[in-house]
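Just my_file-v7.csv here, CSV, C-alpha atoms:
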```
chain,number,residue,atom,x,y,z
A,1,MET,CA,0.0,0.0,0.0
A,2,ASP,CA,1.3,3.5,-0.8
A,3,ARG,CA,2.6,5.1,2.3
A,4,MET,CA,1.2,8.5,1.4
A,5,THR,CA,-2.4,7.4,0.9
A,6,ALA,CA,-2.3,5.3,4.1
A,7,SER,CA,-1.3,8.3,6.3
A,8,PRO,CA,-4.1,9.6,8.5
A,9,GLY,CA,-5.1,13.2,9.1
A,10,ARG,CA,-4.6,14.6,5.6
A,11,ARG,CA,-6.6,17.7,4.7
A,12,VAL,CA,-6.9,20.5,2.2
A,13,LEU,CA,-7.3,24.1,3.1
A,14,LEU,CA,-9.2,25.7,0.2
A,15,ALA,CA,-8.9,29.5,-0.1
A,16,ALA,CA,-12.0,31.7,-0.5
A,17,PRO,CA,-12.1,33.9,-2.4
A,18,ARG,CA,-10.1,32.4,-5.3
A,19,GLY,CA,-10.2,32.4,-9.1
A,20,TYR,CA,-12.0,34.8,-11.3
A,21,CYS,CA,-12.2,38.4,-10.3
A,22,ALA,CA,-14.9,40.7,-11.7
A,23,GLY,CA,-12.5,42.2,-14.3
A,24,VAL,CA,-11.5,38.8,-15.7
A,25,ASP,CA,-15.0,37.5,-15.7
A,26,ARG,CA,-16.1,40.6,-17.7
A,27,ALA,CA,-13.2,40.2,-20.2
A,28,VAL,CA,-13.8,36.5,-20.8
A,29,ILE,CA,-17.6,36.9,-21.2
A,30,ALA,CA,-16.9,39.9,-23.6
A,31,VAL,CA,-14.9,37.6,-25.9
A,32,GLU,CA,-17.6,34.9,-25.8
A,33,LYS,CA,-20.4,37.5,-26.4
A,34,ALA,CA,-18.5,39.1,-29.3
A,35,LEU,CA,-18.0,35.7,-31.0
A,36,GLU,CA,-21.7,35.0,-30.4
A,37,GLN,CA,-22.8,38.4,-31.7
A,38,TYR,CA,-20.4,39.0,-34.6
A,39,GLY,CA,-19.1,35.5,-35.4
A,40,ALA,CA,-15.5,34.4,-35.8
A,41,PRO,CA,-12.9,35.6,-36.1
A,42,ILE,CA,-12.6,38.0,-33.2
A,43,TYR,CA,-9.0,39.2,-32.9
A,44,VAL,CA,-7.7,39.8,-29.4
A,45,ARG,CA,-4.5,41.9,-28.8
A,46,HIS,CA,-2.4,39.9,-26.3
A,47,GLU,CA,-3.9,37.2,-24.1
A,48,ILE,CA,-7.3,38.4,-22.9
A,49,VAL,CA,-6.2,37.2,-19.5
A,50,HIS,CA,-3.1,35.5,-18.4
A,51,ASN,CA,-4.3,31.9,-18.3
A,52,LYS,CA,-3.3,29.1,-20.7
A,53,TYR,CA,-6.6,27.2,-20.4
A,54,VAL,CA,-8.8,30.2,-20.9
A,55,VAL,CA,-6.8,31.3,-24.0
A,56,GLN,CA,-6.9,27.8,-25.5
A,57,THR,CA,-10.7,27.5,-24.9
A,58,LEU,CA,-11.4,30.8,-26.5
A,59,GLU,CA,-9.2,29.9,-29.5
A,60,LYS,CA,-11.3,26.8,-30.1
A,61,LYS,CA,-14.4,29.1,-30.3
A,62,GLY,CA,-12.9,31.4,-32.9
A,63,ALA,CA,-10.8,34.0,-31.0
A,64,VAL,CA,-7.5,34.8,-32.6
A,65,PHE,CA,-4.8,36.2,-30.3
A,66,VAL,CA,-2.2,38.5,-31.8
A,67,GLU,CA,0.8,40.4,-30.2
A,68,ARG,CA,0.6,43.5,-32.4
A,69,THR,CA,-2.4,45.5,-33.7
A,70,GLU,CA,-0.8,45.4,-37.2
A,71,GLU,CA,-1.4,41.7,-37.4
A,72,VAL,CA,-5.2,42.2,-37.6
A,73,PRO,CA,-6.4,42.4,-41.2
A,74,GLU,CA,-8.2,45.8,-41.8
A,75,GLY,CA,-11.9,45.8,-41.6
A,76,ASN,CA,-12.0,43.4,-38.6
A,77,ILE,CA,-12.8,43.6,-35.0
A,78,VAL,CA,-10.0,43.7,-32.4
A,79,MET,CA,-10.5,43.4,-28.6
A,80,PHE,CA,-8.1,44.9,-26.1
A,81,SER,CA,-7.2,42.7,-23.2
A,82,ALA,CA,-8.1,43.1,-19.5
A,83,HIS,CA,-4.6,44.5,-18.8
A,84,GLY,CA,-5.3,47.7,-20.8
A,85,VAL,CA,-3.4,49.4,-23.6
A,86,ALA,CA,-1.6,52.7,-24.2
A,87,PRO,CA,-3.3,55.5,-26.3
A,88,VAL,CA,-0.9,54.7,-29.2
A,89,VAL,CA,-2.6,51.3,-29.6
A,90,HIS,CA,-6.0,52.9,-30.1
A,91,GLU,CA,-4.3,55.0,-32.8
A,92,GLU,CA,-2.9,51.9,-34.4
A,93,ALA,CA,-6.4,50.4,-34.6
A,94,ALA,CA,-7.8,53.5,-36.2
A,95,ARG,CA,-5.0,53.5,-38.8
A,96,GLY,CA,-5.7,49.9,-39.5
A,97,ARG,CA,-9.4,50.6,-39.9
A,98,LEU,CA,-10.4,48.2,-37.1
A,99,ALA,CA,-13.5,48.2,-35.0
A,100,THR,CA,-12.5,47.9,-31.4
A,101,ILE,CA,-13.8,46.4,-28.2
A,102,ASP,CA,-12.1,47.6,-25.0
A,103,ALA,CA,-12.1,44.9,-22.3
A,104,THR,CA,-9.7,46.7,-20.0
A,105,CYS,CA,-10.5,46.0,-16.4
A,106,PRO,CA,-12.2,49.1,-14.9
A,107,LEU,CA,-9.7,49.0,-12.0
A,108,VAL,CA,-6.9,49.3,-14.5
A,109,THR,CA,-8.7,52.1,-16.3
A,110,LYS,CA,-8.8,53.9,-12.9
A,111,VAL,CA,-5.0,53.8,-12.8
A,112,HIS,CA,-4.8,55.1,-16.4
A,113,LYS,CA,-7.0,58.1,-15.5
A,114,GLU,CA,-4.9,58.8,-12.4
A,115,ALA,CA,-1.8,58.8,-14.5
A,116,VAL,CA,-3.4,61.2,-17.0
A,117,ARG,CA,-4.6,63.6,-14.2
A,118,PHE,CA,-1.3,63.7,-12.4
A,119,ALA,CA,0.6,64.2,-15.6
A,120,SER,CA,-1.6,67.1,-16.5
A,121,GLU,CA,-0.7,68.7,-13.2
A,122,ASP,CA,3.0,68.1,-14.1
A,123,TYR,CA,3.8,65.5,-11.4
A,124,ASP,CA,6.5,63.0,-11.6
A,125,ILE,CA,4.7,59.6,-11.4
A,126,LEU,CA,6.5,56.7,-9.9
A,127,LEU,CA,4.8,53.6,-11.2
A,128,ILE,CA,5.4,50.5,-9.0
A,129,GLY,CA,5.2,47.4,-11.2
A,130,HIS,CA,7.0,44.8,-13.1
A,131,GLU,CA,8.9,45.7,-16.3
A,132,GLY,CA,7.4,44.3,-19.5
A,133,HIS,CA,4.0,43.5,-18.0
A,134,GLU,CA,1.2,44.5,-20.3
A,135,GLU,CA,-0.5,46.5,-17.6
A,136,VAL,CA,2.6,48.5,-16.9
A,137,ILE,CA,3.2,49.1,-20.6
A,138,GLY,CA,-0.4,50.4,-21.0
A,139,THR,CA,-0.3,52.7,-18.0
A,140,SER,CA,3.2,54.1,-18.9
A,141,GLY,CA,1.9,54.9,-22.4
A,142,GLU,CA,-0.7,57.3,-21.0
A,143,ALA,CA,2.1,59.8,-20.0
A,144,PRO,CA,5.5,58.4,-20.9
A,145,GLU,CA,7.3,61.7,-20.3
A,146,HIS,CA,6.0,61.8,-16.7
A,147,ILE,CA,6.2,58.1,-15.6
A,148,GLN,CA,9.1,56.1,-14.4
A,149,LEU,CA,8.9,52.5,-13.4
A,150,VAL,CA,10.0,51.3,-9.9
A,151,ASP,CA,10.3,47.5,-10.0
A,152,GLY,CA,10.4,46.9,-6.3
A,153,PRO,CA,12.5,48.3,-3.3
A,154,LYS,CA,15.7,47.6,-5.1
A,155,ASP,CA,14.9,50.2,-7.8
A,156,VAL,CA,14.3,53.1,-5.3
A,157,ALA,CA,18.0,54.2,-5.1
A,158,LYS,CA,18.2,55.1,-8.8
A,159,VAL,CA,14.9,57.1,-8.9
A,160,GLU,CA,15.4,60.8,-9.7
A,161,VAL,CA,12.7,63.4,-9.9
A,162,ARG,CA,12.5,67.0,-11.1
A,163,ASP,CA,10.7,68.4,-8.0
A,164,PRO,CA,10.5,66.4,-4.8
A,165,SER,CA,7.4,68.3,-3.8
A,166,LYS,CA,5.5,67.1,-6.8
A,167,VAL,CA,5.8,63.3,-6.8
A,168,VAL,CA,3.1,60.7,-6.7
A,169,TRP,CA,3.2,56.9,-6.7
A,170,LEU,CA,0.8,54.6,-8.6
A,171,SER,CA,0.9,50.8,-9.0
A,172,GLN,CA,0.2,47.9,-11.1
A,173,THR,CA,-3.1,46.3,-9.8
A,174,THR,CA,-1.8,42.7,-9.4
A,175,LEU,CA,1.2,43.2,-7.1
A,176,SER,CA,2.0,41.8,-3.7
A,177,VAL,CA,0.4,44.2,-1.2
A,178,ASP,CA,3.3,43.8,1.3
A,179,GLU,CA,6.1,44.3,-1.3
A,180,THR,CA,4.3,47.3,-2.7
A,181,MET,CA,4.1,48.9,0.7
A,182,GLU,CA,7.8,48.1,1.3
A,183,THR,CA,8.6,50.0,-2.0
A,184,VAL,CA,6.3,52.9,-1.0
A,185,ASP,CA,8.0,53.1,2.4
A,186,ALA,CA,11.4,53.3,0.7
A,187,LEU,CA,10.2,55.9,-1.7
A,188,GLN,CA,8.7,58.0,1.1
A,189,GLU,CA,12.0,57.9,3.0
A,190,LYS,CA,13.7,59.3,-0.1
A,191,PHE,CA,10.9,61.7,-1.0
A,192,PRO,CA,9.1,62.8,2.2
A,193,GLN,CA,6.5,64.8,0.2
A,194,LEU,CA,5.5,61.8,-1.9
A,195,ILE,CA,1.7,61.6,-2.2
A,196,SER,CA,-0.4,58.5,-2.6
A,197,PRO,CA,-3.2,57.8,-5.2
A,198,PRO,CA,-6.7,58.8,-4.1
A,199,SER,CA,-7.5,55.2,-3.6
A,200,ASP,CA,-5.6,51.9,-3.4
A,201,ASP,CA,-4.4,50.8,-6.9
A,202,ILE,CA,-3.9,47.1,-6.0
A,203,CYS,CA,-7.2,45.5,-6.9
A,204,TYR,CA,-9.6,44.2,-4.2
A,205,ALA,CA,-9.4,40.7,-5.7
A,206,THR,CA,-5.6,40.6,-5.6
A,207,GLN,CA,-5.7,41.7,-1.9
A,208,ASN,CA,-8.4,39.2,-0.9
A,209,ARG,CA,-6.6,36.3,-2.5
A,210,GLN,CA,-3.4,37.2,-0.8
A,211,LEU,CA,-5.2,37.6,2.5
A,212,ALA,CA,-6.7,34.1,2.3
A,213,VAL,CA,-3.2,32.6,1.4
A,214,LYS,CA,-1.7,34.4,4.4
A,215,GLN,CA,-4.4,32.8,6.7
A,216,MET,CA,-3.6,29.3,5.4
A,217,GLY,CA,0.1,29.6,5.0
A,218,ALA,CA,1.0,29.1,8.7
A,219,GLU,CA,-1.0,25.7,8.7
A,220,ALA,CA,-0.2,24.3,5.3
A,221,GLU,CA,3.2,22.7,4.7
A,222,LEU,CA,2.5,22.9,1.0
A,223,VAL,CA,0.5,25.4,-1.0
A,224,ILE,CA,-0.6,24.8,-4.6
A,225,VAL,CA,-1.5,27.9,-6.6
A,226,VAL,CA,-3.4,27.2,-9.8
A,227,GLY,CA,-2.4,29.7,-12.4
A,228,SER,CA,-0.2,30.4,-15.4
A,229,ARG,CA,3.5,31.5,-15.2
A,230,ASN,CA,2.8,34.8,-17.0
A,231,SER,CA,0.1,35.7,-14.4
A,232,SER,CA,1.5,38.3,-12.1
A,233,ASN,CA,-1.1,37.9,-9.4
A,234,SER,CA,-0.7,34.1,-9.4
A,235,LYS,CA,3.1,34.3,-9.0
A,236,ARG,CA,2.5,36.7,-6.1
A,237,LEU,CA,0.3,34.1,-4.3
A,238,VAL,CA,3.3,31.7,-4.4
A,239,GLU,CA,5.5,34.3,-2.8
A,240,VAL,CA,2.9,35.3,-0.2
A,241,ALA,CA,2.4,31.6,0.8
A,242,LYS,CA,6.1,31.1,1.5
A,243,LEU,CA,6.3,34.4,3.5
A,244,ALA,CA,3.3,33.3,5.5
A,245,GLY,CA,5.0,30.1,6.7
A,246,SER,CA,4.3,27.4,4.1
A,247,ARG,CA,7.3,25.1,3.6
A,248,GLU,CA,6.8,25.0,-0.1
A,249,ALA,CA,4.5,26.6,-2.7
A,250,TYR,CA,4.2,25.8,-6.3
A,251,LEU,CA,2.4,27.3,-9.4
A,252,VAL,CA,0.7,24.9,-11.7
A,253,ASP,CA,-1.6,25.3,-14.7
A,254,PHE,CA,-3.1,21.8,-14.5
A,255,ALA,CA,-3.4,19.1,-11.9
A,256,ASP,CA,-1.1,16.8,-13.9
A,257,GLU,CA,1.7,19.2,-13.3
A,258,ILE,CA,1.7,18.4,-9.5
A,259,ASP,CA,4.7,16.2,-8.5
A,260,GLU,CA,3.7,13.5,-6.0
A,261,THR,CA,7.0,14.0,-4.2
A,262,TRP,CA,5.7,17.4,-3.0
A,263,LEU,CA,3.3,15.5,-0.7
A,264,GLU,CA,6.0,13.6,1.2
A,265,GLY,CA,5.8,14.5,4.9
A,266,VAL,CA,2.8,16.8,4.2
A,267,SER,CA,-0.5,16.6,6.2
A,268,THR,CA,-2.0,19.9,5.1
A,269,VAL,CA,-2.2,21.2,1.6
A,270,GLY,CA,-3.4,24.7,0.8
A,271,VAL,CA,-5.1,25.3,-2.5
A,272,THR,CA,-5.9,28.6,-4.2
A,273,SER,CA,-6.0,30.0,-7.7
A,274,GLY,CA,-5.1,33.3,-9.4
A,275,ALA,CA,-7.7,35.8,-10.5
A,276,SER,CA,-7.8,34.6,-14.1
A,277,VAL,CA,-8.3,30.9,-13.3
A,278,PRO,CA,-11.6,29.1,-14.0
A,279,GLU,CA,-12.9,26.9,-11.1
A,280,VAL,CA,-12.8,23.7,-13.2
A,281,LEU,CA,-9.0,23.7,-12.9
A,282,VAL,CA,-9.2,24.0,-9.1
A,283,GLU,CA,-11.7,21.1,-9.0
A,284,GLN,CA,-9.3,19.0,-11.0
A,285,VAL,CA,-6.6,19.7,-8.4
A,286,LEU,CA,-8.9,18.8,-5.6
A,287,ASP,CA,-9.8,15.5,-7.3
A,288,TRP,CA,-6.1,14.8,-7.8
A,289,LEU,CA,-5.4,15.3,-4.1
A,290,ALA,CA,-8.5,13.3,-3.0
A,291,GLN,CA,-7.2,10.3,-5.0
A,292,ARG,CA,-4.0,10.6,-2.8
A,293,GLY,CA,-5.8,10.7,0.5
A,294,PHE,CA,-6.5,14.4,0.8
A,295,GLU,CA,-10.3,14.1,1.0
A,296,ASP,CA,-11.0,16.4,3.9
A,297,VAL,CA,-11.5,20.0,2.5
A,298,GLU,CA,-11.8,23.0,4.8
A,299,ILE,CA,-12.6,26.5,3.5
A,300,VAL,CA,-10.4,29.4,4.6
A,301,LYS,CA,-12.6,32.4,4.0
A,302,ALA,CA,-10.9,35.8,4.0
A,303,ALA,CA,-13.6,38.0,2.4
A,304,GLU,CA,-16.9,38.2,0.6
A,305,GLU,CA,-16.9,39.4,-3.0
A,306,SER,CA,-19.9,40.8,-4.7
A,307,ILE,CA,-18.4,43.2,-7.2
A,308,THR,CA,-19.5,42.9,-10.9
A,309,PHE,CA,-18.7,45.0,-13.9
A,310,SER,CA,-21.0,45.7,-16.9
A,311,LEU,CA,-19.8,44.5,-20.3
A,312,PRO,CA,-17.9,46.8,-22.7
A,313,LYS,CA,-20.3,49.3,-24.3
A,314,GLU,CA,-19.1,48.3,-27.8
A,315,LEU,CA,-21.0,45.1,-27.5
A,316,ARG,CA,-24.2,47.1,-27.7
A,317,ARG,CA,-23.7,48.2,-31.4
A,318,ASP,CA,-23.0,46.5,-34.7
A,319,LEU,CA,-19.2,46.5,-35.0
A,320,ARG,CA,-19.1,44.4,-38.2
A,321,GLU,CA,-21.1,47.2,-39.9
A,322,GLN,CA,-18.7,49.8,-38.3
A,323,ALA,CA,-15.7,47.8,-39.7
A,324,ALA,CA,-17.2,47.7,-43.2
A,325,ALA,CA,-17.8,51.4,-43.0
A,326,LEU,CA,-14.1,52.0,-42.2
A,327,ILE,CA,-13.0,50.0,-45.2
A,328,ALA,CA,-15.5,51.9,-47.4
A,329,GLU,CA,-14.1,55.2,-46.1
A,330,ARG,CA,-10.6,54.2,-47.4
A,331,THR,CA,-11.8,52.8,-50.8
A,332,GLY,CA,-14.4,55.5,-51.4
A,333,THR,CA,-17.1,52.9,-51.9
A,334,SER,CA,-20.4,52.4,-50.0
A,335,PRO,CA,-20.7,49.5,-47.5
A,336,GLU,CA,-22.9,46.7,-48.7
```

Let me see the file written as structure tokens.
Amino acid sequence: MDRMTASPGRRVLLAAPRGYCAGVDRAVIAVEKALEQYGAPIYVRHEIVHNKYVVQTLEKKGAVFVERTEEVPEGNIVMFSAHGVAPVVHEEAARGRLATIDATCPLVTKVHKEAVRFASEDYDILLIGHEGHEEVIGTSGEAPEHIQLVDGPKDVAKVEVRDPSKVVWLSQTTLSVDETMETVDALQEKFPQLISPPSDDICYATQNRQLAVKQMGAEAELVIVVGSRNSSNSKRLVEVAKLAGSREAYLVDFADEIDETWLEGVSTVGVTSGASVPEVLVEQVLDWLAQRGFEDVEIVKAAEESITFSLPKELRRDLREQAAALIAERTGTSPE
């Protein structure tokens, strides 16, 4: 008999909340609705959300993911991902005569608006975030001459500003709350007059998922985070679990990526998922664990979530007709 399945007292701590946040739910439904309403193909600039399973599922339904706006044939529909895009991308779409659907998370849009406002008041904006992340690229593009990236506390020493009395910090929405505040503290030490955004930039869902992992981390020797490797908020959950006391924490896309050796000497496994992960993937992990003796599941509840966002307004008009009109405008003909 397998030693691991025979061991008594095995349990799973299941984080709540976990998985889809309101912004991801809105973006995924927007792609599905667009395909239903306008038919395939619907082009999506970058992954709609950072999850391999979601992207593959939408591709099978007719979504086409591209890295650059120029890859979309003119006269088509392109959707912008939940991470947001810079104004230059909207200009590219206009030049390419594309009808657009903007699925940017409203919480990311809030950060964009903050960047525009502070830039208009001639502030230096210190954007806390990870270099190369789509959200950071989009926010930076709103006011590139005013924004400089601060990628964690290690970057603070090299930050220079024009006027220390006119400095504000903003942040990527999917960061570790603790690391962000560590960066803010270091920035405030360097720039005592640094001001904060009017409201917290790190999204409610990111904070709630980290809080649940903190609560389970001290009890779970192992934490399994379901999420993709290019998902910032999922990677942060792994870091938070380790800092909270978990001996090991791993990020997996699918249950079959779990290594059975991780379970050796483990009596309590914590399970959570990033904000772009469908629940079916968590259920597969729970099934995998149950087959290995981890049948007792306890919920670790950190918060209630009831936030929802309405779908992009563009889904309320005929975009295929709009795209045809854009082509007609270029060719000087009338749309059929």

Need the shell around Leu149 (chain A): protein/DNA/RNA residues with any atom at most 7 Å away, counting all atoms listed in the file. Skip same-chain ones fewer than 3 positions apart. Format as a list of chain:residue names? A:Leu126, A:Leu127, A:Ile128, A:Gly129

So that I can check the surroundings of region 20-23 of chain A, please list as a ChimeraX atom specification every protein, DNA and RNA residue that reaches within 10 Å of it, counting only C-alpha atoms and ignoring chain neighbours fewer than 3 positions away. /A:17,26-28,49,82-83,103-108,203-206,209,273-279,305-311

Do you know which residues are at most 12 Å from Ala255 (chain A) counting only C-alpha atoms, after dropping those on the same chain fewer than 4 positions away, and could you put them as a list in words?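 Counting only the stated atoms, we get Ile224, Val225, Val226, Gly227, Tyr250, Leu251, Asp259, Glu260, Val271, Ser273, Val280, Leu281, Val282, Glu283, Gln284, Val285, Leu286, Asp287, Trp288, Leu289, Ala290 and Gln291 of chain A.
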
Could you make a table, as a Markdown table, of the residues of region 13-78 of chain A that have an atom within 7 Å of an atom of region 312-328 of chain A, each with its nearest atom pair and distance in Å to one decimal, counting all atoms listed in the file, in chain and number order?
```
| residue | atom | partner | partner_atom | distance |
| --- | --- | --- | --- | --- |
| A:Ala34 | CA | A:Leu315 | CA | 6.7 |
| A:Tyr38 | CA | A:Arg320 | CA | 6.6 |
| A:Gly75 | CA | A:Ala323 | CA | 4.7 |
| A:Asn76 | CA | A:Ala323 | CA | 5.9 |
| A:Ile77 | CA | A:Ala323 | CA | 6.9 |
```

Can you write out the residues you just picked, keeping C-alpha atoms, as a PDB file, keeping the file's coordinate frame?
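Resulting contents of result_29.pdb:
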```pdb
ATOM      1  CA  ALA A  34     -18.500  39.100 -29.300  1.00  0.00           C
ATOM      2  CA  TYR A  38     -20.400  39.000 -34.600  1.00  0.00           C
ATOM      3  CA  GLY A  75     -11.900  45.800 -41.600  1.00  0.00           C
ATOM      4  CA  ASN A  76     -12.000  43.400 -38.600  1.00  0.00           C
ATOM      5  CA  ILE A  77     -12.800  43.600 -35.000  1.00  0.00           C
TER       6      ILE A  77
END
```

Interatomic distance (Å, one decimal) between CA of Gly270 (chain A) and CA of Leu13 (chain A):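 Between these atoms lies a distance of 4.6 Å.
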
Between CA of Val72 (chain A) and CA of Ala99 (chain A), what is the distance, to one decimal in Å? 10.6 Å

Top pick for closest residue to Lys235 (chain A), considering A:Asp122, A:Glu304, A:Glu145, A:Asp253 and counting all atoms listed in the file: A:Asp253

Between A:Lys190, A:His130, A:Arg18, A:His46, which has the minimum distance to Ala212 (chain A) (counting only C-alpha atoms)?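 Using only C-alpha atoms, Ala212 (chain A) sits closest to A:Arg18.
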
Å distance separating CA of Met79 (chain A) from CA of Arg117 (chain A), one decimal place: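 Here the two named atoms are 25.5 Å from each other.
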
Residues near Ser199 (chain A), anyone? I mean within 10 Å using all atoms listed in the file, not counting same-chain ones fewer than 3 positions away, as a list in words.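 Listed by chain and then number, they are Lys110, Val111, Glu114, Leu170, Ser196 and Ile202 of chain A.
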
Got a sec: who's within 8 Å of region 262-269 of chain A, counting all atoms listed in the file, leaving out chain neighbours fewer than 6 positions off, as a PyMOL selection string? chain A and resi 4+9-13+219-224

Looking at all atoms listed in the file, which of A:Ser120, A:Ser140, A:Ser246, A:Thr180 is the one that sits closest to Ala218 (chain A)?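 Comparing A:Ser120, A:Ser140, A:Ser246, A:Thr180 against Ala218 (chain A), the winner is A:Ser246.
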
Measuring atom to atom with only C-alpha atoms, identify which of A:Pro198, A:Tyr43, A:Asn51, A:Thr183 is nearest to Arg229 (chain A).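 The answer is A:Asn51, which sits nearest to Arg229 (chain A).
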
Of A:Ser81, A:Asn233, A:Ser228, A:Gln210, the one nearest to Thr173 (chain A) when counting all atoms listed in the file is A:Asn233

Can you work out which one of A:Val167, A:Val55, A:Leu14, A:Ala115 has the shortest atom-to-atom distance to Glu295 (chain A), counting all atoms listed in the file? A:Leu14

May I have the protein, DNA and RNA residues with any atom at most 8 Å from the point (-3.2, 32.8, 1.7), counting only C-alpha atoms, written as a PyMOL selection string? chain A and resi 15+209-217+237+240-241+244+272
